[in-house]
Amino acid sequence: MDPKQVQLTIIQIDNYGPWTTTLGNDREHQLQILQSNLYSMLEESFAAKNGLIFYNRFDEMLALTNGVTKEEHLEIQERAQDEFPISTSMGVGVARTPFEAQARASKLLQKAGSAQSAKRKSVLACERTLSLTEAYVQVMHIDVDGVTRKMTDRASAYETSLNIMSLYADLMRLFKQYGALLFFIGGDNFMGVANGVSEDLISGILQGYMSENLQLKCGVGIASTGRKAAELATMNLEQIRNERNNFILTASSL
């Protein structure tokens, strides 16, 4: 068995589209509150098990769940159902690359029923989970240098967001070619799951976007769990910020 595999979980709100219409037209604020509170609860629950969750499309999230068992997924589902007026279904995928893992998780969930089907409720579609002895994840923490000075304090808020989101979309497409995933995590920061992508390749992709007006920094962390890998990646990013003599650093706890 390949020891270098990663486990990803897709979380979808069940029957969300049809359910939202039952709230009437003055519902958007209610939905935004529900989505943010659900995300907070799920982040807390998975982080307690050394996982890490990212927004995907607000009614759908993606979690790094190395070492999180099927029973622990069920516990989190039950908590969500107890605390919210909706249920969630989850698909768990295991593969060598993050993109392949989420694709497998997506297919398992799709086979269980449509995201807008009233018949699908609290499904856990899972063929297997990874033990920590066979799990591995490489996380990137990417920072755009000087956004406050160069954009936030000079351009309008919307123009700054447009520049950041344009960069985000470009980097998502580039890293996807190598089986890696990238997520916007707020401000001018991105976090990626990049098993098997070498530091040289990461460096080459980021350098392709470097210019006089755009500088990128990247910390990389490698560990058996998502939370630990993210911690190492952030540690390296902070070292780059403090020392300013690198733009990419890697650390491993394996």
# chains A, B, ... in the order shown; residues from 1 in each chain; ligands from 1
call {"tool": "residues_around", "arguments": {"residues": "Ile142 (chain A)", "least_positions_apart": "4", "cutoff": "7 Å", "atoms": "only C-alpha atoms", "output": "count of residues only"}}
result
7
call {"tool": "residues_around", "arguments": {"residues": "Gly221 (chain A)", "least_positions_apart": "6", "cutoff": "8 Å", "atoms": "only C-alpha atoms", "output": "ChimeraX atom specification"}}
result
/A:138-140,228-234,236,250-252
call {"tool": "closest_residue", "arguments": {"among": "A:Leu181, A:Leu206, A:Leu130, A:Leu254", "to": "Phe54 (chain A)", "atoms": "only C-alpha atoms"}}
result
A:Leu181
call {"tool": "residues_around", "arguments": {"residues": "Gln239 (chain A)", "least_positions_apart": "6", "cutoff": "10 Å", "atoms": "only C-alpha atoms", "output": "PDB file with N, CA and C atoms, in the first residue's frame"}}
result
ATOM      1  N   GLY A 219       5.285  29.226   2.863  1.00  0.00           N
ATOM      2  CA  GLY A 219       5.773  28.249   3.817  1.00  0.00           C
ATOM      3  C   GLY A 219       5.140  26.902   3.506  1.00  0.00           C
ATOM      4  N   ALA A 233       3.663  24.884   8.032  1.00  0.00           N
ATOM      5  CA  ALA A 233       3.674  25.810   6.898  1.00  0.00           C
ATOM      6  C   ALA A 233       3.620  27.250   7.375  1.00  0.00           C
ATOM      7  N   ASN A 245      14.901  36.604   3.819  1.00  0.00           N
ATOM      8  CA  ASN A 245      15.996  36.133   2.974  1.00  0.00           C
ATOM      9  C   ASN A 245      15.602  34.893   2.165  1.00  0.00           C
ATOM     10  N   ASN A 246      14.308  34.549   2.197  1.00  0.00           N
ATOM     11  CA  ASN A 246      13.765  33.453   1.393  1.00  0.00           C
ATOM     12  C   ASN A 246      12.381  33.847   0.925  1.00  0.00           C
ATOM     13  N   PHE A 247      11.853  33.122  -0.046  1.00  0.00           N
ATOM     14  CA  PHE A 247      10.440  33.295  -0.347  1.00  0.00           C
ATOM     15  C   PHE A 247       9.712  31.961  -0.262  1.00  0.00           C
ATOM     16  N   ILE A 248      10.457  30.859  -0.011  1.00  0.00           N
ATOM     17  CA  ILE A 248       9.822  29.568   0.219  1.00  0.00           C
ATOM     18  C   ILE A 248      10.693  28.758   1.177  1.00  0.00           C
ATOM     19  N   LEU A 249      10.040  28.141   2.185  1.00  0.00           N
ATOM     20  CA  LEU A 249      10.719  27.281   3.143  1.00  0.00           C
ATOM     21  C   LEU A 249       9.862  26.061   3.411  1.00  0.00           C
TER      22      LEU A 249
END
call {"tool": "atom_distance", "arguments": {"atom1": "CA of Leu108 (chain A)", "atom2": "CA of Gly91 (chain A)"}}
result
5.9 Å
call {"tool": "select_by_dssp", "arguments": {"residues": "region 28-165 of chain A", "states": "helix (DSSP H, G or I)", "output": "number ranges by chain"}}
result
A: 28-47, 70-83, 98-111, 147-152, 157-165
call {"tool": "decode", "arguments": {"residues": "region 172-197 of chain A", "atoms": "N, CA and C atoms", "output": "mmCIF file, in the first residue's frame"}}
result
data_model
loop_
_atom_site.group_PDB
_atom_site.id
_atom_site.type_symbol
_atom_site.label_atom_id
_atom_site.label_comp_id
_atom_site.auth_asym_id
_atom_site.auth_seq_id
_atom_site.Cartn_x
_atom_site.Cartn_y
_atom_site.Cartn_z
ATOM 1 N N MET A 172 -5.105 28.509 -8.667
ATOM 2 C CA MET A 172 -5.918 27.287 -8.561
ATOM 3 C C MET A 172 -5.743 26.420 -9.803
ATOM 4 N N ARG A 173 -5.848 27.036 -10.967
ATOM 5 C CA ARG A 173 -5.737 26.283 -12.227
ATOM 6 C C ARG A 173 -4.348 25.681 -12.383
ATOM 7 N N LEU A 174 -3.314 26.442 -12.047
ATOM 8 C CA LEU A 174 -1.952 25.944 -12.214
ATOM 9 C C LEU A 174 -1.660 24.777 -11.281
ATOM 10 N N PHE A 175 -2.025 24.894 -10.011
ATOM 11 C CA PHE A 175 -1.739 23.809 -9.071
ATOM 12 C C PHE A 175 -2.588 22.573 -9.347
ATOM 13 N N LYS A 176 -3.785 22.769 -9.882
ATOM 14 C CA LYS A 176 -4.635 21.629 -10.219
ATOM 15 C C LYS A 176 -3.961 20.710 -11.237
ATOM 16 N N GLN A 177 -3.157 21.267 -12.122
ATOM 17 C CA GLN A 177 -2.460 20.455 -13.119
ATOM 18 C C GLN A 177 -1.560 19.408 -12.470
ATOM 19 N N TYR A 178 -1.159 19.644 -11.223
ATOM 20 C CA TYR A 178 -0.257 18.730 -10.519
ATOM 21 C C TYR A 178 -0.977 18.000 -9.375
ATOM 22 N N GLY A 179 -2.311 18.011 -9.427
ATOM 23 C CA GLY A 179 -3.084 17.288 -8.438
ATOM 24 C C GLY A 179 -3.211 17.984 -7.104
ATOM 25 N N ALA A 180 -2.891 19.279 -7.050
ATOM 26 C CA ALA A 180 -2.943 20.036 -5.805
ATOM 27 C C ALA A 180 -4.190 20.915 -5.754
ATOM 28 N N LEU A 181 -4.616 21.234 -4.542
ATOM 29 C CA LEU A 181 -5.785 22.081 -4.312
ATOM 30 C C LEU A 181 -5.344 23.372 -3.634
ATOM 31 N N LEU A 182 -6.039 24.468 -3.924
ATOM 32 C CA LEU A 182 -5.716 25.748 -3.306
ATOM 33 C C LEU A 182 -6.997 26.407 -2.820
ATOM 34 N N PHE A 183 -6.926 27.043 -1.641
ATOM 35 C CA PHE A 183 -8.085 27.693 -1.045
ATOM 36 C C PHE A 183 -7.723 29.094 -0.578
ATOM 37 N N PHE A 184 -8.646 30.031 -0.750
ATOM 38 C CA PHE A 184 -8.496 31.373 -0.194
ATOM 39 C C PHE A 184 -8.906 31.309 1.264
ATOM 40 N N ILE A 185 -8.027 31.800 2.164
ATOM 41 C CA ILE A 185 -8.324 31.692 3.593
ATOM 42 C C ILE A 185 -8.466 33.068 4.252
ATOM 43 N N GLY A 186 -8.560 34.107 3.439
ATOM 44 C CA GLY A 186 -8.809 35.428 3.988
ATOM 45 C C GLY A 186 -7.645 36.384 3.792
ATOM 46 N N GLY A 187 -7.971 37.684 3.753
ATOM 47 C CA GLY A 187 -6.943 38.708 3.599
ATOM 48 C C GLY A 187 -6.214 38.558 2.280
ATOM 49 N N ASP A 188 -4.912 38.309 2.345
ATOM 50 C CA ASP A 188 -4.106 38.077 1.145
ATOM 51 C C ASP A 188 -3.386 36.735 1.262
ATOM 52 N N ASN A 189 -4.079 35.762 1.865
ATOM 53 C CA ASN A 189 -3.479 34.460 2.128
ATOM 54 C C ASN A 189 -4.244 33.327 1.449
ATOM 55 N N PHE A 190 -3.488 32.349 0.960
ATOM 56 C CA PHE A 190 -4.029 31.133 0.384
ATOM 57 C C PHE A 190 -3.392 29.947 1.101
ATOM 58 N N MET A 191 -4.131 28.847 1.186
ATOM 59 C CA MET A 191 -3.563 27.617 1.736
ATOM 60 C C MET A 191 -3.828 26.493 0.749
ATOM 61 N N GLY A 192 -2.803 25.714 0.476
ATOM 62 C CA GLY A 192 -2.915 24.654 -0.517
ATOM 63 C C GLY A 192 -2.584 23.292 0.052
ATOM 64 N N VAL A 193 -3.149 22.259 -0.555
ATOM 65 C CA VAL A 193 -2.842 20.870 -0.224
ATOM 66 C C VAL A 193 -2.127 20.309 -1.448
ATOM 67 N N ALA A 194 -0.854 19.971 -1.287
ATOM 68 C CA ALA A 194 -0.010 19.746 -2.461
ATOM 69 C C ALA A 194 0.873 18.517 -2.329
ATOM 70 N N ASN A 195 0.296 17.380 -1.947
ATOM 71 C CA ASN A 195 1.076 16.146 -1.859
ATOM 72 C C ASN A 195 1.795 15.855 -3.170
ATOM 73 N N GLY A 196 3.073 15.577 -3.084
ATOM 74 C CA GLY A 196 3.836 15.175 -4.255
ATOM 75 C C GLY A 196 4.349 16.304 -5.126
ATOM 76 N N VAL A 197 4.005 17.548 -4.800
ATOM 77 C CA VAL A 197 4.487 18.684 -5.585
ATOM 78 C C VAL A 197 5.787 19.168 -4.943
#
